[in-house]
Every structure is written in structure tokens, then in C-alpha cells.
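Structure file query-v9.txt (compact mmCIF, N, CA and C atoms) is printed below.
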# COMPACT_ATOMS: atom_id res chain seq x y z
N MET A 1 14.89 0.45 5.86
CA MET A 1 14.36 0.69 4.53
C MET A 1 12.86 0.41 4.58
N ALA A 2 12.06 1.40 4.28
CA ALA A 2 10.60 1.26 4.27
C ALA A 2 10.10 1.25 2.84
N LEU A 3 9.28 0.27 2.52
CA LEU A 3 8.66 0.14 1.20
C LEU A 3 7.16 0.11 1.38
N GLU A 4 6.43 0.46 0.31
CA GLU A 4 4.96 0.45 0.36
C GLU A 4 4.41 -0.36 -0.80
N ILE A 5 3.28 -0.99 -0.56
CA ILE A 5 2.57 -1.70 -1.61
C ILE A 5 1.08 -1.47 -1.39
N VAL A 6 0.37 -1.25 -2.49
CA VAL A 6 -1.08 -1.08 -2.44
C VAL A 6 -1.68 -2.23 -3.24
N GLY A 7 -2.65 -2.89 -2.67
CA GLY A 7 -3.26 -4.00 -3.36
C GLY A 7 -4.54 -4.45 -2.70
N LYS A 8 -5.15 -5.42 -3.35
CA LYS A 8 -6.41 -5.99 -2.87
C LYS A 8 -6.07 -7.17 -1.96
N LEU A 9 -6.68 -7.21 -0.79
CA LEU A 9 -6.46 -8.29 0.16
C LEU A 9 -7.16 -9.55 -0.36
N VAL A 10 -6.39 -10.56 -0.76
CA VAL A 10 -6.97 -11.76 -1.36
C VAL A 10 -6.97 -12.97 -0.44
N LYS A 11 -6.09 -12.99 0.57
CA LYS A 11 -6.06 -14.13 1.47
C LYS A 11 -5.44 -13.74 2.81
N ILE A 12 -6.01 -14.27 3.88
CA ILE A 12 -5.46 -14.12 5.22
C ILE A 12 -5.19 -15.52 5.74
N LEU A 13 -3.94 -15.81 6.01
CA LEU A 13 -3.56 -17.12 6.50
C LEU A 13 -3.80 -17.22 8.00
N PRO A 14 -3.82 -18.43 8.56
CA PRO A 14 -4.09 -18.58 10.00
C PRO A 14 -3.02 -17.91 10.86
N GLU A 15 -3.47 -17.44 12.01
CA GLU A 15 -2.56 -16.81 12.97
C GLU A 15 -1.69 -17.88 13.62
N VAL A 16 -0.42 -17.56 13.80
CA VAL A 16 0.53 -18.47 14.45
C VAL A 16 1.05 -17.76 15.69
N SER A 17 1.11 -18.48 16.82
CA SER A 17 1.61 -17.88 18.04
C SER A 17 2.50 -18.87 18.76
N GLY A 18 3.30 -18.36 19.67
CA GLY A 18 4.21 -19.22 20.42
C GLY A 18 4.80 -18.50 21.60
N GLN A 19 5.73 -19.18 22.25
CA GLN A 19 6.39 -18.65 23.43
C GLN A 19 7.89 -18.69 23.17
N SER A 20 8.57 -17.57 23.42
CA SER A 20 10.03 -17.53 23.30
C SER A 20 10.62 -17.12 24.64
N ALA A 21 11.92 -17.00 24.68
CA ALA A 21 12.58 -16.57 25.90
C ALA A 21 12.18 -15.14 26.28
N LYS A 22 11.80 -14.35 25.29
CA LYS A 22 11.37 -12.97 25.54
C LYS A 22 9.89 -12.84 25.87
N GLY A 23 9.13 -13.92 25.75
CA GLY A 23 7.71 -13.88 26.04
C GLY A 23 6.88 -14.37 24.87
N PRO A 24 5.55 -14.21 24.96
CA PRO A 24 4.68 -14.71 23.88
C PRO A 24 4.79 -13.85 22.62
N TRP A 25 4.56 -14.46 21.48
CA TRP A 25 4.58 -13.76 20.19
C TRP A 25 3.45 -14.31 19.32
N SER A 26 3.05 -13.50 18.35
CA SER A 26 2.06 -13.95 17.37
C SER A 26 2.36 -13.28 16.03
N LYS A 27 2.02 -14.00 14.97
CA LYS A 27 2.19 -13.45 13.64
C LYS A 27 1.09 -14.00 12.74
N GLN A 28 0.82 -13.27 11.66
CA GLN A 28 -0.19 -13.70 10.69
C GLN A 28 0.24 -13.21 9.32
N GLU A 29 0.21 -14.12 8.36
CA GLU A 29 0.58 -13.77 7.00
C GLU A 29 -0.68 -13.44 6.21
N PHE A 30 -0.53 -12.54 5.24
CA PHE A 30 -1.64 -12.17 4.37
C PHE A 30 -1.11 -11.91 2.98
N VAL A 31 -1.99 -12.04 1.99
CA VAL A 31 -1.59 -11.92 0.59
C VAL A 31 -2.32 -10.75 -0.04
N LEU A 32 -1.54 -9.87 -0.69
CA LEU A 32 -2.09 -8.75 -1.44
C LEU A 32 -1.87 -9.02 -2.93
N GLU A 33 -2.86 -8.63 -3.73
CA GLU A 33 -2.71 -8.69 -5.18
C GLU A 33 -2.59 -7.26 -5.68
N THR A 34 -1.48 -6.96 -6.38
CA THR A 34 -1.25 -5.60 -6.84
C THR A 34 -2.33 -5.18 -7.82
N LEU A 35 -2.48 -3.89 -8.02
CA LEU A 35 -3.55 -3.35 -8.85
C LEU A 35 -3.09 -3.08 -10.28
N GLU A 36 -1.98 -3.68 -10.69
CA GLU A 36 -1.52 -3.52 -12.06
C GLU A 36 -2.52 -4.18 -13.00
N ALA A 37 -2.92 -3.47 -14.04
CA ALA A 37 -3.97 -3.96 -14.93
C ALA A 37 -3.51 -5.16 -15.76
N SER A 38 -2.33 -5.12 -16.32
CA SER A 38 -1.89 -6.18 -17.23
C SER A 38 -1.50 -7.46 -16.50
N TYR A 39 -0.59 -7.34 -15.56
CA TYR A 39 -0.06 -8.51 -14.88
C TYR A 39 -0.03 -8.29 -13.37
N PRO A 40 -1.16 -8.46 -12.69
CA PRO A 40 -1.14 -8.27 -11.24
C PRO A 40 -0.29 -9.35 -10.57
N LYS A 41 0.41 -8.97 -9.53
CA LYS A 41 1.27 -9.88 -8.78
C LYS A 41 0.69 -10.10 -7.40
N LYS A 42 0.93 -11.28 -6.85
CA LYS A 42 0.53 -11.58 -5.48
C LYS A 42 1.77 -11.55 -4.60
N VAL A 43 1.63 -10.88 -3.45
CA VAL A 43 2.75 -10.70 -2.53
C VAL A 43 2.29 -11.11 -1.13
N CYS A 44 3.07 -11.97 -0.48
CA CYS A 44 2.76 -12.41 0.88
C CYS A 44 3.56 -11.57 1.87
N LEU A 45 2.86 -10.97 2.83
CA LEU A 45 3.49 -10.16 3.87
C LEU A 45 3.15 -10.75 5.23
N THR A 46 3.90 -10.35 6.26
CA THR A 46 3.70 -10.87 7.61
C THR A 46 3.42 -9.72 8.56
N ALA A 47 2.37 -9.88 9.37
CA ALA A 47 2.05 -8.93 10.43
C ALA A 47 2.45 -9.57 11.75
N TRP A 48 3.19 -8.84 12.57
CA TRP A 48 3.67 -9.35 13.85
C TRP A 48 3.04 -8.56 15.00
N GLY A 49 2.83 -9.23 16.13
CA GLY A 49 2.40 -8.57 17.37
C GLY A 49 1.06 -7.87 17.25
N ASP A 50 1.02 -6.58 17.61
CA ASP A 50 -0.24 -5.82 17.60
C ASP A 50 -0.75 -5.56 16.19
N LYS A 51 0.08 -5.73 15.17
CA LYS A 51 -0.37 -5.56 13.78
C LYS A 51 -1.31 -6.68 13.36
N VAL A 52 -1.29 -7.80 14.07
CA VAL A 52 -2.23 -8.89 13.81
C VAL A 52 -3.65 -8.40 14.08
N ALA A 53 -3.83 -7.65 15.15
CA ALA A 53 -5.15 -7.09 15.48
C ALA A 53 -5.58 -6.08 14.42
N ASP A 54 -4.62 -5.27 13.92
CA ASP A 54 -4.94 -4.31 12.86
C ASP A 54 -5.41 -5.03 11.60
N LEU A 55 -4.79 -6.14 11.28
CA LEU A 55 -5.14 -6.91 10.09
C LEU A 55 -6.56 -7.45 10.17
N LYS A 56 -7.03 -7.77 11.37
CA LYS A 56 -8.38 -8.33 11.54
C LYS A 56 -9.48 -7.31 11.28
N THR A 57 -9.14 -6.04 11.15
CA THR A 57 -10.16 -5.02 10.87
C THR A 57 -10.51 -4.95 9.38
N PHE A 58 -9.77 -5.66 8.54
CA PHE A 58 -10.01 -5.63 7.10
C PHE A 58 -10.71 -6.89 6.63
N ASN A 59 -11.43 -6.75 5.53
CA ASN A 59 -12.13 -7.88 4.91
C ASN A 59 -11.44 -8.24 3.60
N LEU A 60 -11.69 -9.44 3.12
CA LEU A 60 -11.17 -9.83 1.82
C LEU A 60 -11.70 -8.87 0.76
N ASP A 61 -10.93 -8.61 -0.26
CA ASP A 61 -11.23 -7.69 -1.36
C ASP A 61 -11.13 -6.21 -0.98
N ASP A 62 -10.75 -5.89 0.25
CA ASP A 62 -10.47 -4.50 0.60
C ASP A 62 -9.17 -4.08 -0.06
N THR A 63 -9.09 -2.82 -0.48
CA THR A 63 -7.85 -2.28 -1.02
C THR A 63 -7.10 -1.63 0.12
N ILE A 64 -5.91 -2.15 0.39
CA ILE A 64 -5.14 -1.65 1.52
C ILE A 64 -3.73 -1.27 1.09
N LYS A 65 -3.10 -0.44 1.91
CA LYS A 65 -1.72 -0.04 1.69
C LYS A 65 -0.91 -0.57 2.87
N ALA A 66 0.13 -1.34 2.56
CA ALA A 66 0.99 -1.88 3.60
C ALA A 66 2.38 -1.27 3.47
N THR A 67 2.90 -0.75 4.56
CA THR A 67 4.26 -0.27 4.61
C THR A 67 5.06 -1.36 5.29
N PHE A 68 6.16 -1.78 4.67
CA PHE A 68 6.87 -2.96 5.17
C PHE A 68 8.37 -2.79 5.02
N SER A 69 9.08 -3.68 5.70
CA SER A 69 10.54 -3.76 5.54
C SER A 69 10.86 -5.18 5.07
N ALA A 70 11.87 -5.28 4.23
CA ALA A 70 12.31 -6.57 3.72
C ALA A 70 13.54 -7.00 4.49
N GLU A 71 13.54 -8.25 4.92
CA GLU A 71 14.66 -8.76 5.70
C GLU A 71 14.94 -10.20 5.27
N SER A 72 16.21 -10.51 5.06
CA SER A 72 16.62 -11.86 4.69
C SER A 72 17.55 -12.41 5.76
N ARG A 73 17.52 -13.72 5.93
CA ARG A 73 18.41 -14.38 6.88
C ARG A 73 18.85 -15.72 6.30
N GLU A 74 19.99 -16.21 6.76
CA GLU A 74 20.54 -17.47 6.27
C GLU A 74 20.35 -18.56 7.32
N TYR A 75 19.99 -19.75 6.85
CA TYR A 75 19.88 -20.92 7.72
C TYR A 75 20.31 -22.13 6.90
N ASN A 76 21.33 -22.81 7.33
CA ASN A 76 21.86 -23.99 6.63
C ASN A 76 22.17 -23.70 5.16
N GLU A 77 22.85 -22.60 4.95
CA GLU A 77 23.27 -22.17 3.62
C GLU A 77 22.11 -21.92 2.64
N ARG A 78 20.93 -21.63 3.18
CA ARG A 78 19.78 -21.21 2.37
C ARG A 78 19.31 -19.88 2.91
N TRP A 79 18.80 -19.04 2.01
CA TRP A 79 18.35 -17.70 2.39
C TRP A 79 16.84 -17.64 2.41
N TYR A 80 16.30 -17.00 3.43
CA TYR A 80 14.86 -16.84 3.61
C TYR A 80 14.56 -15.34 3.72
N THR A 81 13.57 -14.88 2.98
CA THR A 81 13.21 -13.46 2.97
C THR A 81 11.81 -13.29 3.54
N GLU A 82 11.67 -12.28 4.38
CA GLU A 82 10.37 -11.97 4.99
C GLU A 82 10.05 -10.50 4.74
N LEU A 83 8.81 -10.22 4.35
CA LEU A 83 8.31 -8.86 4.20
C LEU A 83 7.45 -8.58 5.43
N ARG A 84 8.00 -7.80 6.35
CA ARG A 84 7.35 -7.55 7.63
C ARG A 84 6.58 -6.24 7.59
N ALA A 85 5.24 -6.33 7.61
CA ALA A 85 4.39 -5.13 7.56
C ALA A 85 4.36 -4.47 8.92
N PHE A 86 4.74 -3.18 8.97
CA PHE A 86 4.68 -2.46 10.23
C PHE A 86 3.61 -1.38 10.23
N ARG A 87 2.92 -1.17 9.11
CA ARG A 87 1.78 -0.26 9.03
C ARG A 87 0.83 -0.82 7.98
N ILE A 88 -0.44 -0.99 8.36
CA ILE A 88 -1.46 -1.49 7.45
C ILE A 88 -2.62 -0.51 7.50
N GLU A 89 -2.96 0.07 6.33
CA GLU A 89 -3.99 1.12 6.28
C GLU A 89 -4.97 0.84 5.16
N GLN A 90 -6.19 1.33 5.34
CA GLN A 90 -7.21 1.27 4.28
C GLN A 90 -6.85 2.28 3.20
N GLU A 91 -6.90 1.88 1.96
CA GLU A 91 -6.66 2.78 0.84
C GLU A 91 -8.02 3.11 0.24
N ASP A 92 -8.33 4.41 0.11
CA ASP A 92 -9.66 4.81 -0.35
C ASP A 92 -9.80 4.91 -1.85
N GLY A 93 -8.75 4.60 -2.61
CA GLY A 93 -8.85 4.59 -4.07
C GLY A 93 -8.43 5.88 -4.73
N SER A 94 -8.37 6.97 -4.01
CA SER A 94 -7.99 8.23 -4.62
C SER A 94 -6.50 8.51 -4.49
N GLY A 95 -5.77 7.59 -3.86
CA GLY A 95 -4.36 7.82 -3.63
C GLY A 95 -4.10 8.51 -2.30
N GLN A 96 -5.12 9.05 -1.67
CA GLN A 96 -5.01 9.70 -0.37
C GLN A 96 -5.44 8.71 0.69
N ASP A 97 -4.67 8.54 1.73
CA ASP A 97 -5.00 7.63 2.81
C ASP A 97 -6.28 8.09 3.49
N SER A 98 -7.23 7.16 3.68
CA SER A 98 -8.51 7.52 4.27
C SER A 98 -8.38 7.85 5.76
N ARG A 99 -7.27 7.47 6.39
CA ARG A 99 -7.07 7.79 7.80
C ARG A 99 -6.15 8.99 7.97
N SER A 100 -6.12 9.83 6.98
CA SER A 100 -5.24 10.99 7.01
C SER A 100 -5.63 11.92 8.15
N SER A 101 -4.62 12.57 8.72
CA SER A 101 -4.89 13.47 9.83
C SER A 101 -5.36 14.84 9.36
N ILE A 102 -5.34 15.10 8.04
CA ILE A 102 -5.78 16.38 7.52
C ILE A 102 -7.24 16.26 7.09
N PRO A 103 -8.16 16.95 7.73
CA PRO A 103 -9.56 16.87 7.32
C PRO A 103 -9.74 17.45 5.92
N SER A 104 -10.71 16.92 5.18
CA SER A 104 -10.91 17.35 3.80
C SER A 104 -11.30 18.82 3.71
N SER A 105 -11.92 19.36 4.76
CA SER A 105 -12.32 20.76 4.73
C SER A 105 -11.13 21.71 4.80
N SER A 106 -9.98 21.25 5.37
CA SER A 106 -8.82 22.13 5.47
C SER A 106 -7.81 21.89 4.36
N ARG A 107 -8.06 20.94 3.46
CA ARG A 107 -7.17 20.73 2.33
C ARG A 107 -7.36 21.86 1.34
N PRO A 108 -6.30 22.29 0.66
CA PRO A 108 -6.45 23.39 -0.30
C PRO A 108 -7.35 22.99 -1.46
N ALA A 109 -8.18 23.92 -1.89
CA ALA A 109 -9.08 23.66 -3.01
C ALA A 109 -8.31 23.72 -4.31
N ALA A 110 -8.78 22.97 -5.30
CA ALA A 110 -8.13 22.96 -6.61
C ALA A 110 -8.31 24.32 -7.27
N GLN A 111 -7.24 24.82 -7.84
CA GLN A 111 -7.29 26.10 -8.52
C GLN A 111 -7.85 25.91 -9.92
N PRO A 112 -8.72 26.81 -10.38
CA PRO A 112 -9.24 26.68 -11.73
C PRO A 112 -8.13 26.90 -12.74
N SER A 113 -8.22 26.18 -13.84
CA SER A 113 -7.19 26.27 -14.88
C SER A 113 -7.36 27.55 -15.68
N ALA A 114 -6.24 28.19 -15.99
CA ALA A 114 -6.26 29.40 -16.79
C ALA A 114 -5.89 29.09 -18.24
N ALA A 115 -5.99 27.82 -18.64
CA ALA A 115 -5.63 27.43 -20.00
C ALA A 115 -6.67 27.96 -20.99
N PRO A 116 -6.23 28.39 -22.18
CA PRO A 116 -7.17 28.90 -23.16
C PRO A 116 -8.06 27.78 -23.69
N ALA A 117 -9.22 28.17 -24.15
CA ALA A 117 -10.15 27.19 -24.71
C ALA A 117 -9.55 26.59 -25.97
N ARG A 118 -9.80 25.30 -26.19
CA ARG A 118 -9.22 24.58 -27.30
C ARG A 118 -10.31 24.27 -28.32
N THR A 119 -10.02 24.51 -29.57
CA THR A 119 -10.97 24.16 -30.62
C THR A 119 -10.59 22.79 -31.18
N ALA A 120 -11.48 22.21 -31.96
CA ALA A 120 -11.25 20.87 -32.52
C ALA A 120 -10.05 20.84 -33.45
N SER A 121 -9.73 21.94 -34.11
CA SER A 121 -8.63 21.94 -35.06
C SER A 121 -7.29 22.28 -34.42
N SER A 122 -7.29 22.86 -33.22
CA SER A 122 -6.02 23.23 -32.59
C SER A 122 -5.49 22.08 -31.74
N PRO A 123 -4.18 21.87 -31.75
CA PRO A 123 -3.62 20.78 -30.95
C PRO A 123 -3.68 21.12 -29.47
N MET A 124 -3.69 20.11 -28.66
CA MET A 124 -3.74 20.30 -27.21
C MET A 124 -2.37 20.80 -26.75
N PRO A 125 -2.31 21.90 -26.01
CA PRO A 125 -1.02 22.43 -25.56
C PRO A 125 -0.39 21.53 -24.52
N PHE A 126 0.94 21.54 -24.48
CA PHE A 126 1.68 20.78 -23.50
C PHE A 126 1.55 21.45 -22.14
N SER A 127 1.27 20.67 -21.12
CA SER A 127 1.15 21.21 -19.77
C SER A 127 2.30 20.69 -18.93
N SER A 128 2.99 21.57 -18.27
CA SER A 128 4.10 21.16 -17.41
C SER A 128 3.68 21.15 -15.94
N ASN A 129 2.38 21.19 -15.69
CA ASN A 129 1.88 21.21 -14.32
C ASN A 129 1.63 19.78 -13.83
N PHE A 130 2.69 19.02 -13.67
CA PHE A 130 2.56 17.66 -13.17
C PHE A 130 2.78 17.67 -11.67
N ASP A 131 1.95 16.94 -10.97
CA ASP A 131 2.22 16.72 -9.57
C ASP A 131 2.35 15.22 -9.35
N GLU A 132 2.71 14.82 -8.17
CA GLU A 132 3.03 13.43 -7.92
C GLU A 132 1.82 12.51 -8.04
N GLU A 133 0.62 13.00 -7.75
CA GLU A 133 -0.57 12.15 -7.80
C GLU A 133 -1.04 11.88 -9.22
N THR A 134 -0.85 12.81 -10.16
CA THR A 134 -1.34 12.60 -11.52
C THR A 134 -0.28 12.06 -12.44
N ASN A 135 0.96 12.02 -12.02
CA ASN A 135 2.04 11.51 -12.85
C ASN A 135 2.04 9.99 -12.75
N ASP A 136 1.73 9.30 -13.85
CA ASP A 136 1.63 7.85 -13.79
C ASP A 136 2.83 7.15 -14.41
N LEU A 137 3.96 7.84 -14.52
CA LEU A 137 5.16 7.22 -15.03
C LEU A 137 5.72 6.24 -14.00
N PRO A 138 6.30 5.12 -14.43
CA PRO A 138 6.76 4.10 -13.49
C PRO A 138 8.07 4.43 -12.80
N PHE A 139 8.64 5.60 -13.05
CA PHE A 139 9.92 5.92 -12.40
C PHE A 139 9.91 7.30 -11.81

Step by step, read the file and then write its structure as C-alpha cells.
Amino acid sequence: MALEIVGKLVKILPEVSGQSAKGPWSKQEFVLETLEASYPKKVCLTAWGDKVADLKTFNLDDTIKATFSAESREYNERWYTELRAFRIEQEDGSGQDSRSSIPSSSRPAAQPSAAPARTASSPMPFSSNFDEETNDLPF
């Protein structure tokens, strides 16, 4: 199950490393603050292995998108949940990933609207031309 979160990088915790039977490991936790205007939430995620190096390329207050998986485990009849980030990318603010493989010159140009001109006394017509980027409904 892959989930995504976009937020402002507010804290990077110290890197932790160790040795296991499978070899050396490293992890680093970081905190994102969601971009919700009314009630922003802070979420702690974990970067493992080579993702620790990816995390070091970002600065505090950068807006980033993290793709993660949620995993819970039981220990002594208590449950622990970890959000493991497996992709960390810079978010450019327009909703389009700045590291996109499609160059902006080859993206389709916006088509001009064929809607009739509206006067001050006429009501605004309903438009059914919604796409995923402009639809701001929460569901």
C-alpha cells in the first residue's frame, strides 16, 4: 500500500545506524507539516538506507512530497507504527513534480476556453470541465 503526503520539512532528526546479522543499516526520521490552511498536522516519517542520502539534499522549510508505506508491529502486547518513506521528491508548488520526466516543452498546451463572454448581470454558467489538478474536493 503506497500513500503520499505533501508538506513543509520542519525537522530532521539525527541519523541512527547500526549493525545487524544482514549487515550495516542506517535510518533517519524527519517531520513534515501538512499544507492544510486551517489545521496543519505534523507527521513523522522514516527514511532507510539510501533514502537517508536523498533526505540530506533538502533544507528545512522545503516543500516535499513523500511516498510511504505504513507498517505496524507488535512487541510485548503493544503496537508500534512506522511510516517508511521509499520516495522523497521536491514539490514545486504547482502540483507537478519538479523532477518529472516529461519536459515542459512537450507537455500539451492549455486549450483556450470557448465559453461565451459573461456580463455582470448574467450568472456564471456551470462548467463540467473538472480535471484532477483543479478539483479541490477532499474525496

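Each of A:Leu13, A:Ser20, A:Gln90, A:Lys51 was compared to Ile64 in chain A using only N, CA and C atoms, and A:Gln90 turns out to be the nearest.
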
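In this model, the gap between CA of Leu35 in chain A and CA of Ala2 in chain A comes to 19.8 Å.
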
- Item | Atomic distance CA of Val43 in chain A - atom N of Leu83 in chain A, expressed in Å with one decimal |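 For CA of Val43 in chain A relative to atom N of Leu83 in chain A, the distance reads 9.2 Å.
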
- Message: For a quick check of understanding, using all atoms listed in the file, which of A:Ser38, A:Thr46, A:Thr81, A:Thr63 has the smallest distance to Val6 in chain A?
- Response: A:Thr63

May I have the residues within 7 Å of Leu3 in chain A as a tab-separated table (two decimals) with N, CA and C atoms, in the frame of the given file, using all atoms listed in the file and disregarding those fewer than 6 positions away in the same chain?
chain	number	residue	atom	x	y	z
A	66	ALA	N	0.13	-1.34	2.56
A	66	ALA	CA	0.99	-1.88	3.60
A	66	ALA	C	2.38	-1.27	3.47
A	67	THR	N	2.90	-0.75	4.56
A	67	THR	CA	4.26	-0.27	4.61
A	67	THR	C	5.06	-1.36	5.29
A	68	PHE	N	6.16	-1.78	4.67
A	68	PHE	CA	6.87	-2.96	5.17
A	68	PHE	C	8.37	-2.79	5.02
A	69	SER	N	9.08	-3.68	5.70
A	69	SER	CA	10.54	-3.76	5.54
A	69	SER	C	10.86	-5.18	5.07
A	70	ALA	N	11.87	-5.28	4.23
A	70	ALA	CA	12.31	-6.57	3.72
A	70	ALA	C	13.54	-7.00	4.49

- Suppose you want the space between CA of Gly49 in chain A and atom N of Glu77 in chain A; what is it in Å?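 CA of Gly49 in chain A sits 27.7 Å away from atom N of Glu77 in chain A.
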
Kindly provide, as a JSON list (two decimals) with N, CA and C atoms, in the frame of the given file, the polymer residues lying within 8 Å of (-4.5, -7.3, -2.8), counting all atoms listed in the file and using the coordinates exactly as they appear in the file.
[["chain", "number", "residue", "atom", "x", "y", "z"],
["A", 6, "VAL", "N", 0.37, -1.25, -2.49],
["A", 6, "VAL", "CA", -1.08, -1.08, -2.44],
["A", 6, "VAL", "C", -1.68, -2.23, -3.24],
["A", 7, "GLY", "N", -2.65, -2.89, -2.67],
["A", 7, "GLY", "CA", -3.26, -4.00, -3.36],
["A", 7, "GLY", "C", -4.54, -4.45, -2.70],
["A", 8, "LYS", "N", -5.15, -5.42, -3.35],
["A", 8, "LYS", "CA", -6.41, -5.99, -2.87],
["A", 8, "LYS", "C", -6.07, -7.17, -1.96],
["A", 9, "LEU", "N", -6.68, -7.21, -0.79],
["A", 9, "LEU", "CA", -6.46, -8.29, 0.16],
["A", 9, "LEU", "C", -7.16, -9.55, -0.36],
["A", 10, "VAL", "N", -6.39, -10.56, -0.76],
["A", 10, "VAL", "CA", -6.97, -11.76, -1.36],
["A", 10, "VAL", "C", -6.97, -12.97, -0.44],
["A", 11, "LYS", "N", -6.09, -12.99, 0.57],
["A", 11, "LYS", "CA", -6.06, -14.13, 1.47],
["A", 11, "LYS", "C", -5.44, -13.74, 2.81],
["A", 31, "VAL", "N", -1.99, -12.04, 1.99],
["A", 31, "VAL", "CA", -1.59, -11.92, 0.59],
["A", 31, "VAL", "C", -2.32, -10.75, -0.04],
["A", 32, "LEU", "N", -1.54, -9.87, -0.69],
["A", 32, "LEU", "CA", -2.09, -8.75, -1.44],
["A", 32, "LEU", "C", -1.87, -9.02, -2.93],
["A", 33, "GLU", "N", -2.86, -8.63, -3.73],
["A", 33, "GLU", "CA", -2.71, -8.69, -5.18],
["A", 33, "GLU", "C", -2.59, -7.26, -5.68],
["A", 34, "THR", "N", -1.48, -6.96, -6.38],
["A", 34, "THR", "CA", -1.25, -5.60, -6.84],
["A", 34, "THR", "C", -2.33, -5.18, -7.82],
["A", 35, "LEU", "N", -2.48, -3.89, -8.02],
["A", 35, "LEU", "CA", -3.55, -3.35, -8.85],
["A", 35, "LEU", "C", -3.09, -3.08, -10.28],
["A", 41, "LYS", "N", 0.41, -8.97, -9.53],
["A", 41, "LYS", "CA", 1.27, -9.88, -8.78],
["A", 41, "LYS", "C", 0.69, -10.10, -7.40],
["A", 42, "LYS", "N", 0.93, -11.28, -6.85],
["A", 42, "LYS", "CA", 0.53, -11.58, -5.48],
["A", 42, "LYS", "C", 1.77, -11.55, -4.60],
["A", 43, "VAL", "N", 1.63, -10.88, -3.45],
["A", 43, "VAL", "CA", 2.75, -10.70, -2.53],
["A", 43, "VAL", "C", 2.29, -11.11, -1.13],
["A", 61, "ASP", "N", -10.93, -8.61, -0.26],
["A", 61, "ASP", "CA", -11.23, -7.69, -1.36],
["A", 61, "ASP", "C", -11.13, -6.21, -0.98],
["A", 62, "ASP", "N", -10.75, -5.89, 0.25],
["A", 62, "ASP", "CA", -10.47, -4.50, 0.60],
["A", 62, "ASP", "C", -9.17, -4.08, -0.06],
["A", 63, "THR", "N", -9.09, -2.82, -0.48],
["A", 63, "THR", "CA", -7.85, -2.28, -1.02],
["A", 63, "THR", "C", -7.10, -1.63, 0.12],
["A", 64, "ILE", "N", -5.91, -2.15, 0.39],
["A", 64, "ILE", "CA", -5.14, -1.65, 1.52],
["A", 64, "ILE", "C", -3.73, -1.27, 1.09]]

- Item | Shell of 8 Å around Val16 in chain A, all atoms listed in the file, local chain residues under 2 positions omitted, as a PyMOL selection string | chain A and resi 13-14+18+25-29

- Which of these residues is nearest to Met1 in chain A, using only C-alpha atoms: A:Glu71, A:Glu15, A:Glu91, A:Glu36?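 Result for the nearest residue to Met1 in chain A: A:Glu71.
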